[in-house]
$ cat data_8.cif   # mmCIF, C-alpha atoms
data_target
#
loop_
_atom_site.label_atom_id
_atom_site.label_comp_id
_atom_site.auth_asym_id
_atom_site.auth_seq_id
_atom_site.Cartn_x
_atom_site.Cartn_y
_atom_site.Cartn_z
CA MET A 1 44.58 -24.68 31.68
CA ALA A 2 44.82 -22.17 28.84
CA PHE A 3 42.27 -19.56 27.86
CA VAL A 4 42.10 -17.55 24.68
CA GLU A 5 39.79 -14.57 24.33
CA LEU A 6 38.04 -13.93 21.01
CA ASP A 7 35.65 -10.98 20.67
CA GLY A 8 35.29 -10.81 24.44
CA LEU A 9 34.42 -14.49 24.85
CA ARG A 10 36.72 -16.82 26.76
CA PHE A 11 37.70 -20.11 25.12
CA HIS A 12 39.18 -23.03 27.03
CA VAL A 13 41.94 -24.47 24.86
CA GLN A 14 44.06 -27.57 25.40
CA ARG A 15 47.05 -28.56 23.31
CA LEU A 16 48.90 -31.84 23.39
CA GLY A 17 52.02 -32.05 21.30
CA PRO A 18 54.67 -34.61 20.38
CA THR A 19 56.49 -35.71 23.53
CA ASP A 20 59.74 -36.61 21.74
CA GLY A 21 60.76 -32.99 21.17
CA ARG A 22 60.73 -33.37 17.36
CA PRO A 23 58.68 -31.13 15.07
CA PRO A 24 55.07 -32.30 14.63
CA ALA A 25 54.26 -34.69 11.78
CA ALA A 26 50.83 -33.05 11.35
CA THR A 27 48.46 -30.66 13.07
CA ALA A 28 44.93 -31.73 14.02
CA VAL A 29 42.09 -29.62 15.39
CA LEU A 30 39.46 -31.66 17.25
CA LEU A 31 35.90 -30.29 17.40
CA HIS A 32 33.38 -31.66 19.91
CA GLY A 33 29.60 -31.97 19.71
CA LEU A 34 26.59 -30.14 21.11
CA LEU A 35 25.05 -30.00 24.61
CA THR A 36 26.55 -32.89 26.61
CA ASP A 37 29.95 -32.75 24.90
CA SER A 38 33.23 -30.96 25.64
CA LEU A 39 36.89 -31.29 24.72
CA ALA A 40 37.11 -33.97 27.44
CA SER A 41 35.65 -36.42 24.89
CA TYR A 42 38.94 -36.12 22.97
CA TYR A 43 41.32 -35.38 25.83
CA PHE A 44 40.81 -38.83 27.30
CA THR A 45 40.45 -40.74 23.99
CA LEU A 46 42.16 -39.73 20.75
CA ALA A 47 44.36 -36.84 21.85
CA PRO A 48 47.12 -38.54 23.93
CA ALA A 49 47.70 -41.25 21.29
CA LEU A 50 47.73 -38.71 18.45
CA ALA A 51 50.30 -36.65 20.36
CA ALA A 52 52.40 -39.78 20.97
CA ALA A 53 52.30 -40.43 17.20
CA GLY A 54 53.83 -36.99 16.64
CA VAL A 55 50.68 -34.96 15.98
CA GLU A 56 50.21 -31.45 17.35
CA VAL A 57 46.67 -31.63 18.76
CA LEU A 58 44.52 -28.59 19.39
CA MET A 59 41.21 -28.92 21.25
CA TYR A 60 38.84 -26.28 22.55
CA ASP A 61 35.49 -26.09 24.29
CA GLN A 62 32.91 -24.61 21.93
CA ARG A 63 30.95 -21.56 23.12
CA GLY A 64 28.56 -22.41 25.95
CA HIS A 65 30.29 -25.74 26.60
CA GLY A 66 32.89 -27.07 29.03
CA ARG A 67 34.99 -24.30 30.53
CA SER A 68 34.48 -21.79 27.73
CA GLY A 69 32.30 -18.73 28.13
CA ARG A 70 28.51 -19.07 27.93
CA PRO A 71 26.88 -15.98 26.45
CA PRO A 72 23.07 -15.86 26.82
CA SER A 73 22.62 -15.73 23.03
CA GLY A 74 24.59 -16.11 19.80
CA TYR A 75 24.44 -19.83 19.08
CA ARG A 76 23.75 -20.00 15.36
CA LEU A 77 26.10 -22.33 13.51
CA GLU A 78 27.87 -19.40 11.84
CA ARG A 79 28.99 -18.14 15.27
CA PHE A 80 30.55 -21.52 16.09
CA VAL A 81 32.26 -21.49 12.67
CA GLU A 82 33.50 -17.94 13.28
CA ASP A 83 35.01 -19.14 16.60
CA ALA A 84 36.78 -21.98 14.77
CA VAL A 85 38.13 -19.57 12.12
CA GLY A 86 39.37 -17.19 14.84
CA LEU A 87 41.10 -19.94 16.84
CA LEU A 88 42.61 -21.53 13.73
CA ASP A 89 44.06 -18.18 12.64
CA ARG A 90 45.29 -17.36 16.14
CA LEU A 91 46.68 -20.71 17.28
CA THR A 92 48.00 -22.53 14.22
CA GLY A 93 50.65 -21.49 11.71
CA ASP A 94 50.19 -21.36 7.95
CA GLY A 95 50.45 -25.08 7.27
CA PRO A 96 47.72 -27.60 6.52
CA VAL A 97 45.44 -28.67 9.35
CA HIS A 98 43.41 -31.87 9.67
CA LEU A 99 39.99 -31.53 11.26
CA VAL A 100 38.27 -34.17 13.36
CA GLY A 101 34.65 -33.37 14.15
CA ASN A 102 32.27 -35.38 16.32
CA SER A 103 28.57 -34.92 15.50
CA PHE A 104 27.88 -31.13 15.57
CA GLY A 105 31.67 -30.63 15.69
CA GLY A 106 31.83 -32.11 12.19
CA THR A 107 29.15 -29.69 11.03
CA VAL A 108 31.39 -26.87 12.32
CA ALA A 109 34.35 -28.49 10.53
CA PHE A 110 32.54 -28.37 7.16
CA GLY A 111 31.74 -24.70 7.84
CA LEU A 112 35.40 -24.03 8.63
CA ALA A 113 36.51 -25.80 5.43
CA LEU A 114 34.23 -23.44 3.46
CA ARG A 115 35.78 -20.41 5.16
CA ARG A 116 39.46 -21.48 5.05
CA PRO A 117 39.67 -23.96 2.14
CA SER A 118 43.40 -23.55 1.59
CA ARG A 119 44.22 -24.46 5.20
CA ILE A 120 42.21 -27.66 5.58
CA ALA A 121 44.02 -30.86 4.60
CA GLY A 122 41.10 -33.15 5.36
CA ILE A 123 38.04 -33.75 7.52
CA LEU A 124 37.31 -36.84 9.55
CA ALA A 125 33.62 -36.50 10.34
CA ILE A 126 32.37 -38.83 13.07
CA GLU A 127 28.59 -39.36 13.01
CA SER A 128 28.22 -35.99 11.37
CA GLU A 129 27.03 -34.07 8.34
CA PRO A 130 27.29 -30.59 6.84
CA ALA A 131 24.46 -28.17 7.63
CA SER A 132 21.40 -28.37 5.37
CA ALA A 133 17.66 -27.67 5.61
CA GLY A 134 17.15 -31.29 6.68
CA TRP A 135 19.84 -30.93 9.34
CA ALA A 136 18.20 -27.76 10.73
CA THR A 137 14.78 -29.46 10.96
CA LYS A 138 16.26 -32.51 12.67
CA LEU A 139 18.24 -30.42 15.17
CA ASP A 140 15.11 -28.39 15.92
CA GLY A 141 13.31 -31.59 16.89
CA ILE A 142 16.21 -32.90 18.98
CA LEU A 143 16.68 -29.60 20.81
CA ARG A 144 12.96 -29.19 21.57
CA ARG A 145 12.81 -32.71 22.97
CA ALA A 146 15.99 -32.14 24.98
CA GLU A 147 14.57 -28.91 26.44
CA THR A 148 11.59 -30.75 27.89
CA GLU A 149 13.30 -33.95 28.87
CA LEU A 150 16.50 -32.61 30.39
CA SER A 151 14.65 -30.48 32.90
CA ASP A 152 12.29 -33.29 33.83
CA GLU A 153 13.30 -35.11 37.03
CA THR A 154 11.50 -38.30 36.00
CA THR A 155 13.50 -38.49 32.79
CA LEU A 156 16.73 -37.72 34.63
CA ALA A 157 16.00 -40.49 37.12
CA TRP A 158 15.47 -42.84 34.18
CA VAL A 159 18.78 -41.73 32.66
CA THR A 160 20.52 -42.34 36.00
CA ALA A 161 19.07 -45.83 36.25
CA ARG A 162 19.76 -46.79 32.62
CA ARG A 163 23.00 -44.97 31.82
CA GLY A 164 24.56 -44.15 35.19
CA ALA A 165 25.10 -41.06 37.30
CA HIS A 166 27.78 -39.56 35.06
CA THR A 167 25.55 -39.50 31.98
CA ALA A 168 22.76 -38.06 34.13
CA ARG A 169 25.12 -35.34 35.34
CA LEU A 170 26.06 -34.48 31.75
CA ALA A 171 22.36 -34.41 30.88
CA ARG A 172 21.68 -32.03 33.77
CA ALA A 173 24.52 -29.74 32.62
CA ALA A 174 23.08 -29.78 29.10
CA GLY A 175 19.71 -28.84 30.61
CA ARG A 176 21.34 -25.77 32.18
CA LEU A 177 22.80 -24.74 28.81
CA LEU A 178 19.34 -25.06 27.24
CA ASP A 179 17.65 -23.18 30.12
CA THR A 180 20.05 -20.24 30.29
CA THR A 181 20.78 -19.60 26.59
CA THR A 182 19.01 -19.33 23.24
CA VAL A 183 20.90 -22.32 21.79
CA ALA A 184 17.74 -24.34 21.09
CA ARG A 185 16.20 -21.47 19.07
CA ASP A 186 19.46 -20.40 17.42
CA ILE A 187 20.75 -23.65 15.93
CA PRO A 188 17.68 -24.28 13.70
CA ALA A 189 17.84 -20.60 12.58
CA SER A 190 21.46 -20.94 11.37
CA LEU A 191 22.57 -19.72 7.95
CA LEU A 192 22.68 -22.82 5.77
CA PRO A 193 25.18 -23.37 2.96
CA ALA A 194 23.66 -24.16 -0.43
CA GLU A 195 24.45 -27.59 -1.86
CA ALA A 196 26.43 -25.85 -4.63
CA GLN A 197 28.67 -24.37 -1.93
CA LEU A 198 29.18 -27.71 -0.21
CA ARG A 199 30.29 -29.21 -3.51
CA THR A 200 33.28 -26.85 -3.32
CA VAL A 201 34.65 -28.66 -0.23
CA ARG A 202 37.41 -30.37 -2.17
CA CYS A 203 39.52 -31.67 0.71
CA PRO A 204 39.32 -35.40 1.37
CA VAL A 205 36.57 -36.37 3.80
CA LEU A 206 36.24 -39.61 5.74
CA ALA A 207 32.74 -40.03 7.17
CA VAL A 208 32.63 -42.47 10.09
CA TYR A 209 29.24 -43.84 11.10
CA GLY A 210 27.92 -46.27 13.65
CA SER A 211 26.39 -49.06 11.56
CA GLU A 212 23.22 -48.88 13.70
CA SER A 213 22.91 -45.09 13.57
CA ASP A 214 20.14 -43.29 11.64
CA LEU A 215 22.80 -41.05 10.11
CA ALA A 216 24.40 -44.00 8.30
CA ASP A 217 21.52 -43.81 5.80
CA GLN A 218 22.92 -40.49 4.58
CA ALA A 219 26.32 -41.91 3.64
CA THR A 220 25.50 -42.24 -0.06
CA TRP A 221 24.03 -38.74 -0.25
CA LEU A 222 27.18 -37.23 1.27
CA GLU A 223 29.51 -39.27 -0.94
CA GLU A 224 27.63 -38.05 -4.02
CA LEU A 225 27.54 -34.45 -2.79
CA LEU A 226 31.23 -34.01 -1.93
CA PRO A 227 34.02 -34.32 -4.52
CA ASP A 228 36.21 -36.57 -2.32
CA CYS A 229 34.27 -38.38 0.39
CA ARG A 230 34.33 -41.99 1.47
CA SER A 231 32.43 -43.67 4.30
CA THR A 232 33.22 -46.29 6.87
CA PHE A 233 30.87 -48.00 9.31
CA VAL A 234 31.74 -49.15 12.82
CA PRO A 235 29.80 -52.36 13.42
CA GLY A 236 27.25 -52.48 16.22
CA GLN A 237 27.60 -48.81 17.12
CA GLU A 238 24.99 -46.06 17.24
CA HIS A 239 25.66 -42.30 17.51
CA SER A 240 28.26 -42.39 20.34
CA VAL A 241 31.00 -44.04 18.27
CA LEU A 242 33.80 -41.84 19.62
CA ILE A 243 33.01 -42.62 23.26
CA GLU A 244 31.92 -46.25 22.84
CA ALA A 245 34.59 -47.37 20.33
CA PRO A 246 37.55 -45.02 20.91
CA ASP A 247 40.18 -47.55 19.80
CA THR A 248 38.50 -48.05 16.42
CA VAL A 249 38.16 -44.29 15.90
CA LEU A 250 41.81 -43.83 16.89
CA GLY A 251 42.95 -46.50 14.41
CA LEU A 252 40.90 -44.87 11.66
CA THR A 253 42.27 -41.41 12.49
CA LEU A 254 45.91 -42.57 12.49
CA ALA A 255 45.42 -44.47 9.22
CA TRP A 256 43.66 -41.47 7.71
CA LEU A 257 46.44 -39.06 8.70
CA ARG A 258 49.10 -41.41 7.31
CA ARG A 259 47.17 -41.79 4.09
CA HIS A 260 47.23 -38.01 3.71
CA GLY A 261 50.95 -37.65 4.09
CA ALA A 262 51.63 -37.47 7.86
CA ALA A 263 54.84 -39.35 8.74
CA LEU A 264 53.60 -40.62 12.09
CA ARG A 265 55.97 -42.22 14.57
CA GLY A 266 55.85 -44.54 17.58
CA PRO A 267 53.08 -47.15 17.74
CA GLY A 268 50.86 -44.80 15.68
CA ALA A 269 53.08 -45.36 12.64
CA ARG A 270 51.44 -48.75 12.12
CA ALA A 271 48.14 -48.70 14.04
CA GLY A 272 44.95 -49.18 12.10
CA ARG A 273 46.52 -50.82 9.05
CA ASP A 274 43.73 -53.36 8.79
CA LEU A 275 41.19 -50.54 8.95
CA VAL A 276 42.84 -48.89 5.97
CA GLU A 277 42.54 -52.06 3.99
CA GLU A 278 38.89 -52.56 4.92
CA GLY A 279 37.48 -49.08 5.02
CA LEU A 280 39.80 -46.57 3.43
CA ARG A 281 40.50 -48.34 0.19
CA MET B 14 64.84 -22.72 48.25
CA THR B 15 65.26 -23.57 51.93
CA GLY B 16 67.00 -26.66 53.20
CA SER B 17 63.82 -28.26 54.51
CA ALA B 18 61.99 -27.75 51.21
CA GLN B 19 64.88 -29.43 49.41
CA THR B 20 64.70 -32.36 51.79
CA ALA B 21 60.97 -32.67 51.12
CA HIS B 22 61.74 -32.87 47.39
CA LEU B 23 64.36 -35.53 47.83
CA ARG B 24 61.91 -37.83 49.59
CA PRO B 25 59.05 -39.04 47.37
CA PRO B 26 55.67 -38.15 48.88
CA THR B 27 53.64 -40.73 50.77
CA GLU B 28 50.06 -41.72 49.98
CA PRO B 29 48.52 -39.52 52.72
CA GLU B 30 50.56 -36.54 51.47
CA VAL B 31 49.45 -37.03 47.86
CA LEU B 32 45.85 -37.56 49.01
CA ALA B 33 45.97 -34.25 50.87
CA GLU B 34 47.32 -32.43 47.79
CA ILE B 35 44.75 -33.97 45.46
CA THR B 36 42.00 -33.07 47.94
CA GLY B 37 43.18 -29.46 47.70
CA MET B 38 43.11 -29.61 43.89
CA LEU B 39 39.58 -31.03 43.92
CA ALA B 40 38.45 -28.17 46.13
CA VAL B 41 39.67 -25.77 43.42
CA VAL B 42 38.18 -27.79 40.54
CA LEU B 43 34.77 -28.02 42.25
CA ASP B 44 34.90 -24.46 43.56
CA GLU B 45 31.54 -23.41 42.17
CA TYR B 46 29.70 -26.48 43.42
CA GLY B 47 31.53 -26.79 46.71
CA LEU B 48 33.24 -29.90 48.01
CA ASP B 49 32.89 -31.59 51.34
CA GLU B 50 36.54 -32.42 51.92
CA ALA B 51 35.57 -35.19 54.32
CA GLU B 52 34.15 -37.01 51.28
CA VAL B 53 37.55 -37.25 49.63
CA THR B 54 38.76 -40.64 50.77
CA MET B 55 40.85 -43.23 48.94
CA ASP B 56 37.62 -45.12 48.11
CA ALA B 57 35.71 -42.13 46.75
CA ARG B 58 34.91 -42.31 43.02
CA PHE B 59 35.53 -39.12 41.07
CA THR B 60 32.31 -39.12 39.09
CA GLU B 61 29.77 -41.11 41.11
CA ASP B 62 30.74 -39.95 44.61
CA LEU B 63 32.40 -36.56 44.15
CA GLY B 64 30.30 -35.36 41.24
CA LEU B 65 33.05 -34.56 38.77
CA GLU B 66 32.17 -34.24 35.10
CA SER B 67 34.66 -35.33 32.46
CA ILE B 68 35.65 -31.71 31.83
CA ASP B 69 36.51 -31.41 35.56
CA LEU B 70 38.96 -34.28 35.09
CA VAL B 71 40.67 -32.24 32.33
CA THR B 72 41.14 -29.38 34.82
CA LEU B 73 42.46 -31.82 37.41
CA ALA B 74 44.91 -33.19 34.80
CA GLY B 75 46.28 -29.66 34.33
CA GLN B 76 46.74 -29.22 38.08
CA LEU B 77 48.51 -32.56 38.45
CA GLN B 78 50.91 -31.58 35.70
CA GLU B 79 51.47 -28.13 37.17
CA ARG B 80 52.33 -29.68 40.52
CA TRP B 81 54.40 -32.69 39.46
CA GLY B 82 55.42 -32.00 35.87
CA ASP B 83 55.50 -34.40 32.95
CA ARG B 84 55.98 -37.43 35.17
CA ILE B 85 52.21 -37.37 35.76
CA ASN B 86 50.35 -37.71 32.47
CA PHE B 87 46.73 -38.07 33.59
CA ALA B 88 45.41 -37.98 30.01
CA GLU B 89 47.51 -41.02 29.06
CA PHE B 90 46.66 -42.74 32.34
CA LEU B 91 42.95 -42.42 31.58
CA ALA B 92 43.24 -43.03 27.83
CA ALA B 93 44.50 -46.54 28.63
CA MET B 94 41.22 -47.31 30.46
CA GLU B 95 37.80 -48.41 29.31
CA LEU B 96 34.98 -45.90 29.79
CA ASP B 97 33.50 -47.92 32.68
CA GLU B 98 36.88 -47.87 34.41
CA ILE B 99 37.14 -44.09 34.08
CA ILE B 100 33.65 -43.65 35.49
CA GLY B 101 34.49 -45.97 38.39
CA LEU B 102 37.95 -44.45 38.98
CA THR B 103 38.69 -43.90 42.67
CA VAL B 104 40.80 -41.18 44.25
CA GLY B 105 42.95 -43.96 45.71
CA ARG B 106 43.87 -45.33 42.30
CA LEU B 107 45.10 -41.90 41.19
CA VAL B 108 46.97 -41.41 44.48
CA GLU B 109 48.73 -44.77 44.03
CA HIS B 110 49.58 -43.91 40.41
CA VAL B 111 51.08 -40.56 41.44
CA VAL B 112 53.08 -42.08 44.30
CA ALA B 113 54.43 -44.80 42.01
CA ARG B 114 55.41 -42.32 39.30
CA LEU B 115 57.20 -40.09 41.81
CA GLN B 116 59.45 -42.88 43.07
CA PRO B 117 63.04 -42.23 42.03
CA ALA B 118 63.89 -44.01 38.79
CA GLU B 119 65.60 -47.35 39.40
CA ARG B 120 69.29 -47.29 38.78
CA GLY B 121 71.06 -50.09 37.11
#
$ encode --input "data_8.cif" --output "C-alpha cells"
Amino acid sequence: MAFVELDGLRFHVQRLGPTDGRPPAATAVLLHGLLTDSLASYYFTLAPALAAAGVEVLMYDQRGHGRSGRPPSGYRLERFVEDAVGLLDRLTGDGPVHLVGNSFGGTVAFGLALRRPSRIAGILAIESEPASAGWATKLDGILRRAETELSDETTLAWVTARRGAHTARLARAAGRLLDTTTVARDIPASLLPAEAQLRTVRCPVLAVYGSESDLADQATWLEELLPDCRSTFVPGQEHSVLIEAPDTVLGLTLAWLRRHGAALRGPGARAGRDLVEEGLR
Amino acid sequence: MTGSAQTAHLRPPTEPEVLAEITGMLAVVLDEYGLDEAEVTMDARFTEDLGLESIDLVTLAGQLQERWGDRINFAEFLAAMELDEIIGLTVGRLVEHVVARLQPAERG
C-alpha cells in the first residue's frame, strides 16, 4: 500500500501498470465518488483490465474516504480538486492524462480539467456532471437525507434486508464520515464554476449514463454546454453503472482510449468495438 | 538464508499453511475493528462473515502480493468475478487459488 502526503494529509494511492514491461500506451487517473465509494470500486473492476491493455492506472482515495486521511473539515469541492491537482503534478509526468470519474469523481475531474487544461487528454464521466448551482442544491438534499438515514438503525436494517450486509456496511461507514466531518455542509458551499468557464473545457468528454437514471435527462444540456461532449446510455441501469455493469464501462473506456490515440494491446486492443459503433460515433 | 528456510521455499505451501498466513494478514487489515481469529475458517465469507469492506480487500491484495509476489494477482482474480461472487467470496476459495498459483510451473 502506498501513501502520499499532500499539505499534511495522507492519501492512499494505488497504481497498476502494464505487466508486459513495455512503456505505457496511455495514463489514466481514476476518480471515485462520494460517501460510500473508494478506489476499490476501480481496483476490482476497470483497473486490472486497463493495466493489461497497457495503460498506466493511477487511483487514490479522496480525502475522508477509504484509507486516506479524514480531516474534520475542508470538504468543499475546490479542496478535492486541489488534491487532484497536487497528486497529478506529483505522480504523473508531463504527458497527457485521461480522466475517468464516477459520480462526484467526475465533478472533480471537470474541476481538474479547468485547473490543468493542457494535461487532460479527455474525460470519461460516469453518471456525473460538472459543478453548478443545480448540482449544489441537489447534493445538499442528498447529503441531508443521508445524514438522517445513515445513522438510523431502522433504515440500515432495511438496507441490509434489501441490498445485503456489504452495502449496509458501506452505508454505516458513510454515516461515520457524515457524523465526524463537515462534508455535508461543505459540499453545497463549494465554489462553483460559471457556465462560461465550463465552456472552456475543450478536451473530449464522454458522458456515460444509466438509461434509467435521473441524470440522463441532463445529457443534452451537457452536450450543448461543452465544446466536445457526446453521451452514451447503458440500458436498464440507474446510478450505479460502474458497479452494476463493469464490463460495459470497461468496453466503453477501452474504446474511448483507443479513439483518442492510445495504442492498446492484449485483449483490450479490440474490446468494445461494437460500443464504439453504437455509442461513440 | 538458512537451509531450512530454503527447503520451505522449495516446497509449495499447503492449504492449512496458507490459511494461517491469510489469517495473520486479516488480523492486520482489520486491526482497528479487531478480528476473532477463530472466525477465520475456509467457509468464512470475507464481507458477510468477517466484516471486510471492499477497501479492506485492496489492502489484503497488497499484502498477498508482498508475501508471494506477482504470482498472486488478487485484483485480476476478483475482476473476473461478478459482484455477487465477490460479496460471497470465501476465505477457502482464496486459499485454494493461492495454493494452486504457488505450485511449481509444469515442465514440458
$ resolve_selection --input "data_8.cif" --expression "the PyMOL selection byres ((chain B) within 10 of (chain A))" --output "PyMOL selection string"
chain B and resi 59-62+64-76+79+83+86-96+99-101
$ residues_around --input "data_8.cif" --residues "Gly236 of chain A" --least-positions-apart "6" --cutoff "12 Å" --atoms "all atoms listed in the file" --output "count of residues only"
8
$ resolve_selection --input "data_8.cif" --expression "the PyMOL selection byres ((chain A and resi 141-150) around 7)" --output "list of chain:residue names"
A:Thr137, A:Lys138, A:Leu139, A:Asp140, A:Ser151, A:Asp152, A:Thr155, A:Leu156, A:Ala171, A:Arg172, A:Gly175, A:Leu178, A:Ala184
$ atom_distance --input "data_8.cif" --atom1 "atom CA of Ser103 of chain A" --atom2 "atom CA of Val4 of chain A"
23.9 Å
$ residues_near_point --input "data_8.cif" --point "(34.5, -28.0, 18.0)" --cutoff "10 Å" --atoms "only C-alpha atoms" --output "MDAnalysis selection string"
chainID A and resid 29:34 37:39 59:63 65 80:81 83:84 99:109
$ atom_distance --input "data_8.cif" --atom1 "atom CA of Arg162 of chain A" --atom2 "atom CA of Val249 of chain A"
25.0 Å
$ resolve_selection --input "data_8.cif" --expression "the PyMOL selection byres ((chain B and resi 103-114) around 7)" --output "list in words"
Pro26, Thr27, Glu28, Val31, Leu32, Thr54, Met55, Asp56, Ala57, Arg58, Phe59, Arg84, Ile85, Gly101, Leu102, Leu115 and Gln116 of chain B
$ atom_distance --input "data_8.cif" --atom1 "atom CA of Ala219 of chain A" --atom2 "atom CA of Ala269 of chain A"
28.4 Å
$ closest_residue --input "data_8.cif" --among "A:Glu238, A:Glu129, A:Leu35, A:Asp7" --to "Trp221 of chain A" --atoms "all atoms listed in the file"
A:Glu129
$ closest_residue --input "data_8.cif" --among "B:Pro117, B:Glu98, B:Leu77, B:Val53" --to "Pro29 of chain B" --atoms "all atoms listed in the file"
B:Val53
$ residues_around --input "data_8.cif" --residues "Leu114 of chain A" --least-positions-apart "2" --cutoff "8 Å" --atoms "all atoms listed in the file" --output "PyMOL selection string"
chain A and resi 110-112+116-117+197-198+200-201
$ closest_residue --input "data_8.cif" --among "A:Ile126, A:Val57, A:Ile187, A:Leu215" --to "Arg76 of chain A" --atoms "all atoms listed in the file"
A:Ile187
$ decode --input "data_8.cif" --residues "segment 137-151 of chain A" --atoms "N, CA and C atoms" --output "PDB file, in the first residue's frame"
ATOM      1  N   THR A 137     -27.457  22.363  -5.091  1.00  0.00           N
ATOM      2  CA  THR A 137     -28.761  22.201  -4.437  1.00  0.00           C
ATOM      3  C   THR A 137     -29.122  20.723  -4.320  1.00  0.00           C
ATOM      4  N   LYS A 138     -28.872  19.986  -5.395  1.00  0.00           N
ATOM      5  CA  LYS A 138     -29.185  18.553  -5.380  1.00  0.00           C
ATOM      6  C   LYS A 138     -28.339  17.820  -4.344  1.00  0.00           C
ATOM      7  N   LEU A 139     -27.036  18.115  -4.326  1.00  0.00           N
ATOM      8  CA  LEU A 139     -26.142  17.456  -3.360  1.00  0.00           C
ATOM      9  C   LEU A 139     -26.538  17.796  -1.923  1.00  0.00           C
ATOM     10  N   ASP A 140     -26.986  19.040  -1.711  1.00  0.00           N
ATOM     11  CA  ASP A 140     -27.424  19.442  -0.377  1.00  0.00           C
ATOM     12  C   ASP A 140     -28.569  18.536   0.080  1.00  0.00           C
ATOM     13  N   GLY A 141     -29.524  18.303  -0.815  1.00  0.00           N
ATOM     14  CA  GLY A 141     -30.660  17.441  -0.482  1.00  0.00           C
ATOM     15  C   GLY A 141     -30.217  16.009  -0.195  1.00  0.00           C
ATOM     16  N   ILE A 142     -29.355  15.484  -1.058  1.00  0.00           N
ATOM     17  CA  ILE A 142     -28.876  14.102  -0.902  1.00  0.00           C
ATOM     18  C   ILE A 142     -28.119  13.940   0.414  1.00  0.00           C
ATOM     19  N   LEU A 143     -27.253  14.909   0.713  1.00  0.00           N
ATOM     20  CA  LEU A 143     -26.423  14.799   1.915  1.00  0.00           C
ATOM     21  C   LEU A 143     -27.263  14.945   3.186  1.00  0.00           C
ATOM     22  N   ARG A 144     -28.252  15.832   3.161  1.00  0.00           N
ATOM     23  CA  ARG A 144     -29.127  15.979   4.339  1.00  0.00           C
ATOM     24  C   ARG A 144     -29.907  14.695   4.593  1.00  0.00           C
ATOM     25  N   ARG A 145     -30.403  14.105   3.500  1.00  0.00           N
ATOM     26  CA  ARG A 145     -31.158  12.860   3.655  1.00  0.00           C
ATOM     27  C   ARG A 145     -30.237  11.754   4.159  1.00  0.00           C
ATOM     28  N   ALA A 146     -29.024  11.694   3.604  1.00  0.00           N
ATOM     29  CA  ALA A 146     -28.075  10.660   4.013  1.00  0.00           C
ATOM     30  C   ALA A 146     -27.709  10.801   5.486  1.00  0.00           C
ATOM     31  N   GLU A 147     -27.579  12.059   5.955  1.00  0.00           N
ATOM     32  CA  GLU A 147     -27.215  12.283   7.360  1.00  0.00           C
ATOM     33  C   GLU A 147     -28.237  11.675   8.299  1.00  0.00           C
ATOM     34  N   THR A 148     -29.519  11.835   7.971  1.00  0.00           N
ATOM     35  CA  THR A 148     -30.567  11.281   8.826  1.00  0.00           C
ATOM     36  C   THR A 148     -30.644   9.773   8.663  1.00  0.00           C
ATOM     37  N   GLU A 149     -30.656   9.344   7.401  1.00  0.00           N
ATOM     38  CA  GLU A 149     -30.949   7.927   7.158  1.00  0.00           C
ATOM     39  C   GLU A 149     -29.809   6.998   7.526  1.00  0.00           C
ATOM     40  N   LEU A 150     -28.564   7.459   7.324  1.00  0.00           N
ATOM     41  CA  LEU A 150     -27.443   6.547   7.536  1.00  0.00           C
ATOM     42  C   LEU A 150     -27.077   6.393   9.013  1.00  0.00           C
ATOM     43  N   SER A 151     -27.740   7.160   9.865  1.00  0.00           N
ATOM     44  CA  SER A 151     -27.481   6.932  11.290  1.00  0.00           C
ATOM     45  C   SER A 151     -28.715   6.296  11.926  1.00  0.00           C
TER      46      SER A 151
END
